[in-house]
Amino acid sequence: YAKNSGSGLHVYEKGLDANETPERLALTAELRQGISAGQLEVYVQPQASLHTGQVLGVEALVRWRHPRHGLLFPDTFIPLAERNGLIPQLTDAVLEQAVAACGRWRRAGHRLTVSVNLSARSNLNENLIASVQQLLTRHGVPARALTLEITESSVIRDPARTRIVLDRLHDLGVGLSIDDFGTGYSSLSYLRQLPVQEVKIDKSFVMNMLAEASDAAIVRSIVDLGTNLDLTVVAEGVEDAATWAELERLGCTNMQGFYLAAPMPLAVFTDWLAAREGHLAEAR
Ligand code: C2E
Ligand code: MG
Ligand code: MG
Ligand code: MG
């Protein structure tokens, strides 16, 4: 219905994108309802030390259990949520499940961290700070166990404001990570200006680093840069043992990827972790 209003900007500010097709408008309405109805599910993918193989934490990755289309991946609905003002609700739903799960693991004796993705359209504002603070308190999770992943594009949209909010989150003790590092612009200056403790090397470089000399050079440069700045460097997209070994040789510290495990439902992760700890204990 927004199509003929003549002012896309006005409609956008109301929270709806004038350029959506009828199908996408329908899916957007379903997404809005689905978020309230609890249809978003957090999957988790473990991260491990490259040196010891020990699982250190997980990244929370959202899925939409759609009543008719089945399990939908983020690339099918995050852009829609971004264009239609649904990111704050989506982020709240993911944070809630992720922090609650982290609290359960920690009470069961697993000192795991959880990382949550913020979108470029995430409201980096007072509300986010307040809801993060409340969540951590409610679930008894120390701030250092939560990491928020941002991309360079979220910084570019409003660097001054982003900086203020990230500084406040940092003061709370929450970890900050730059996701998909190497794919954005002027990464280097942000590392100096923002209270970041971690960079994640984008999987597009890691997946091809054994075949492509240029990708290997980028990975090596990011590892060196991160090491020199005292940052944790996470390689994502590690799919085989040879890549794992090469990353360890380069001095990269942490990994995430199908070679360790694909993203899995929260309930499956508990069993996966128990089985893996059993294996590691046997191997010792
Ligand atoms: P990301 O944050 O860079 O997440 C990593 C993506 O790489 C995940 O895809 C994961 O399944 C995939 N991946 C992990 N290891 C491997 C591997 O070894 N090989 C390959 N080929 N892929 C691997 P997923 O879950 O489809 O998520 C895609 C993107 O969607 C994420 O990229 C993130 O940008 C976004 N996203 C996911 N969950 C959320 C969320 O809760 N909020 C927001 N704002 N964005 C999210
Ligand atoms: Mg991420
Ligand atoms: Mg990434
Ligand atoms: Mg990504």
# chains A, B, ... in the order shown; residues from 1 in each chain; ligands from 1
call {"tool": "residues_near_ligand", "arguments": {"ligand": "ligand 4", "cutoff": "8 Å", "atoms": "only C-alpha atoms and all ligand atoms", "output": "list of chain:residue names"}}
result
A:Asp179, A:Asp180, A:Asp202
call {"tool": "select_by_dssp", "arguments": {"residues": "stretch 40-272 of chain A", "states": "helix (DSSP H, G or I)", "output": "PyMOL selection string"}}
result
chain A and resi 74-83+87-107+126-138+143-145+152-157+159-172+187-193+203-207+213-228+241-250+266-272
call {"tool": "residues_near_ligand", "arguments": {"ligand": "ligand 2", "cutoff": "9 Å", "atoms": "only C-alpha atoms and all ligand atoms", "output": "VMD selection string"}}
result
chain A and resid 59 to 61 115 to 118 148 to 151 177 to 180 200 236
call {"tool": "write_last_selection", "arguments": {"atoms": "N, CA, C and O atoms", "output": "tab-separated table (two decimals), in the first residue's frame"}}
result
chain	number	residue	atom	x	y	z
A	59	GLU	N	28.96	-19.05	18.61
A	59	GLU	CA	28.28	-17.92	17.98
A	59	GLU	C	26.81	-18.28	17.82
A	59	GLU	O	26.49	-19.39	17.38
A	60	ALA	N	25.94	-17.37	18.21
A	60	ALA	CA	24.50	-17.56	18.03
A	60	ALA	C	24.13	-17.14	16.61
A	60	ALA	O	24.48	-16.04	16.17
A	61	LEU	N	23.44	-18.02	15.89
A	61	LEU	CA	23.05	-17.75	14.51
A	61	LEU	C	21.55	-17.99	14.39
A	61	LEU	O	21.05	-19.08	14.71
A	115	SER	N	28.56	-15.33	21.39
A	115	SER	CA	28.66	-14.16	20.51
A	115	SER	C	27.36	-13.97	19.78
A	115	SER	O	26.77	-14.92	19.27
A	116	VAL	N	26.90	-12.72	19.72
A	116	VAL	CA	25.64	-12.39	19.04
A	116	VAL	C	25.93	-11.34	17.97
A	116	VAL	O	26.68	-10.39	18.19
A	117	ASN	N	25.33	-11.55	16.80
A	117	ASN	CA	25.54	-10.62	15.68
A	117	ASN	C	24.63	-9.40	15.79
A	117	ASN	O	23.42	-9.54	16.00
A	118	LEU	N	25.22	-8.23	15.62
A	118	LEU	CA	24.40	-7.03	15.49
A	118	LEU	C	24.38	-6.66	14.01
A	118	LEU	O	25.38	-6.75	13.33
A	148	LEU	N	29.56	-9.04	21.34
A	148	LEU	CA	28.70	-8.55	20.27
A	148	LEU	C	29.55	-8.39	19.02
A	148	LEU	O	30.63	-7.79	19.06
A	149	GLU	N	29.06	-8.99	17.93
A	149	GLU	CA	29.78	-8.91	16.65
A	149	GLU	C	29.18	-7.80	15.80
A	149	GLU	O	27.98	-7.78	15.56
A	150	ILE	N	30.03	-6.89	15.37
A	150	ILE	CA	29.56	-5.84	14.47
A	150	ILE	C	30.35	-5.94	13.17
A	150	ILE	O	31.42	-6.55	13.12
A	151	THR	N	29.80	-5.35	12.12
A	151	THR	CA	30.54	-5.32	10.87
A	151	THR	C	30.97	-3.88	10.61
A	151	THR	O	30.47	-2.95	11.23
A	177	SER	N	33.55	-7.51	18.82
A	177	SER	CA	34.28	-8.20	17.77
A	177	SER	C	33.91	-7.61	16.42
A	177	SER	O	32.76	-7.23	16.20
A	178	ILE	N	34.88	-7.51	15.52
A	178	ILE	CA	34.55	-7.07	14.16
A	178	ILE	C	34.44	-8.31	13.28
A	178	ILE	O	35.40	-9.07	13.11
A	179	ASP	N	33.24	-8.51	12.77
A	179	ASP	CA	32.90	-9.69	11.97
A	179	ASP	C	33.28	-9.45	10.51
A	179	ASP	O	33.36	-8.31	10.07
A	180	ASP	N	33.48	-10.52	9.79
A	180	ASP	CA	33.74	-10.45	8.33
A	180	ASP	C	34.89	-9.50	8.03
A	180	ASP	O	34.87	-8.75	7.05
A	200	LYS	N	37.23	-11.24	13.38
A	200	LYS	CA	36.94	-12.52	12.75
A	200	LYS	C	37.29	-12.41	11.26
A	200	LYS	O	36.71	-11.58	10.55
A	236	GLU	N	37.01	-17.81	10.60
A	236	GLU	CA	35.75	-18.51	10.37
A	236	GLU	C	35.81	-19.22	9.03
A	236	GLU	O	36.62	-18.90	8.18
call {"tool": "closest_residue", "arguments": {"among": "A:Leu50, A:Val42, A:Met255, A:Val94", "to": "A:Leu72", "atoms": "only C-alpha atoms"}}
result
A:Val42
call {"tool": "residues_around", "arguments": {"residues": "A:Thr270", "least_positions_apart": "2", "cutoff": "12 Å", "atoms": "only C-alpha atoms", "output": "list in words"}}
result
Tyr43, Val44, Gln45, Pro46, Val58, Ala101, Cys102, Arg104, Trp105, Arg106, Ala108, His110, Leu112, Met264, Pro265, Leu266, Ala267, Val268, Trp272, Leu273, Ala274, Ala275, Arg276 and Glu277 of chain A
call {"tool": "residues_around", "arguments": {"residues": "A:Ala93", "least_positions_apart": "6", "cutoff": "9 Å", "atoms": "only C-alpha atoms", "output": "MDAnalysis selection string"}}
result
chainID A and resid 35:36 38 40:42
call {"tool": "atom_distance", "arguments": {"atom1": "atom CA of A:Ser189", "atom2": "atom 2 (O, counted along the ligand's line) of ligand 1"}}
result
21.4 Å
call {"tool": "select_by_dssp", "arguments": {"residues": "stretch 171-225 of chain A", "states": "strand (DSSP E or B)", "output": "ChimeraX atom specification"}}
result
/A:175-181,198-201
call {"tool": "residues_around", "arguments": {"residues": "A:Leu86", "least_positions_apart": "3", "cutoff": "12 Å", "atoms": "only C-alpha atoms", "output": "MDAnalysis selection string"}}
result
chainID A and resid 12 14:17 28:36 77:83 89:93 119 121:123
